[in-house]
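Following: one structure in structure tokens, then a few remarks.
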Amino acid sequence: MTRLRPRRRPVGHNVPEAAGAVEENQATPHEGAGPGAAERGDGLVAAYAVGGYAPYLVRWAASRGLAPATVSAISCSLGALAALWFSAGSHAGMVAGAGLLYASFVLDCVAGTAGAPWPAAVLCLAKEAAVYAGLAVGAGAEAPGGPGFQGNAWAAAVAALALLSVRHAVDAAYASSRHGRPTRPGGPRQEFARRALRALALPAGERFALIAVTAGIAGARVTFEVLLLWGSAAAVFVLAGHACAALARTVRAPGSEAP
């Protein structure tokens with residue numbers, strides 16, 4: 001059976017790291033791979049809600065000749081369908097969009113683990129922008145008589161997208177500065193703790209889970225409120241972590257490198 005060759009995923013594709021704990025991708029799918037098979041830069045959702053079966057989906061895609069770029073394209077198509085369902089504004093539409101968004105994220109993990117090309121990062125950002133737009137339209141449909149509600153929803157969508165773009169740029173710059181540094185070893189408890197820390201920084205898995213749950217239960221308006229609140233706190237958290245890590249490296253710099 002032909003297998004897709006695992007490759008390092010591009011920085012910025014589902015990899016917003018938390019509090020300076022940026023690590024290179026060290027995991028490779030293999031027989032019996034568990035949650036640790038997901039990329040170390042991901043949080044709890046990618047590791048434990050998807051990582052357990054992502055390697056099997058990679059082998060399934062490889063056995064049918066699906067290239068990583070094809071899987072990424074399917075993921076983007078599902079994301080576009082999720083945006084369309086969200087735009088309906090109905091409860092059924094929100095639930096359907098939530099399911100499609102989760103399926104899209106699962107395929108993102110499969111494509112990334114198998115070595116999707118760098119344009120996948122751009123497509124992932126475009127897909128998330130489409131989802132925000134669909135939610136903004138759906139928010140207007142939820143309360144068509146609300147004064148200024150539609151405009152507020154679009155403002156929230158633009159703010160969420162701007163926050164996401166800044167996070168991607170900051171994470172990419174920090175990861176570039178950390179290139180080549182070894183990862184710190186640790187057991188399952190340490191790995192879980194690191195992933196839990198990253199989850200606070202709202203990586204892609206946690207963002208999509210947040211959108212799916214809040215939209216399916218409470219609607220688009222609550223989704224934007226929680227997304228902006230958590231996203232803003234996460235941005236401060238990540239920037240503070242990066243600054244502390246940079247300061248620690250500066251203090252250790254003069255001849256204090258460990259052998």
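Here's how to read the names in the structure tokens: chain A, B, ... by the order shown, residue numbers from 1 in each chain, ligand numbers from 1 in the order shown.
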Write out as a PyMOL selection string the residues lying within 12 Å of A:Gly219, counting only C-alpha atoms and excluding same-chain residues fewer than 4 positions away.
chain A and resi 86-95+97-98+134-143+153+210-215+223-226
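Picture a line from atom CA of A:Ala245 to atom CA of A:Gly231; it runs 20.7 Å.
Taking atom CA of A:Leu81 and atom CA of A:Phe208 as endpoints, the distance between them is 14.5 Å.
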Set the distance at 10 Å and use only C-alpha atoms: which residues neighbour stretch 118-132 of chain A once local chain neighbours fewer than 5 positions away are removed? I'd like the list as a VMD selection string.
chain A and resid 9 to 15 68 to 69 71 to 73 75 to 87 97 101 104 to 105 108 111 to 112 137 to 138 153 to 154 156 to 158 160 to 162 164 to 165 168 204 207 to 208 211 220 223 to 224
Nearest candidate to A:Leu229 (options A:Leu202, A:Val110, A:Val45, A:Ala67; using only C-alpha atoms)
A:Leu202
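Going from atom CA of A:Ala248 to atom CA of A:Ala233 covers 22.5 Å.
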Have a look at A:Ala243, A:Arg189, A:Asn152, A:Gly99 and name the one nearest to A:Arg221; count only C-alpha atoms.
A:Asn152
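Distances to A:Tyr53 were evaluated for A:Val106, A:Ala218, A:Leu247, A:Arg195 using only C-alpha atoms, and the minimum falls at A:Val106.
Proximity to A:Gly43 was assessed for A:Leu228, A:Cys244, A:Val251, A:Ala201 counting only C-alpha atoms; the smallest distance is recorded for A:Ala201.
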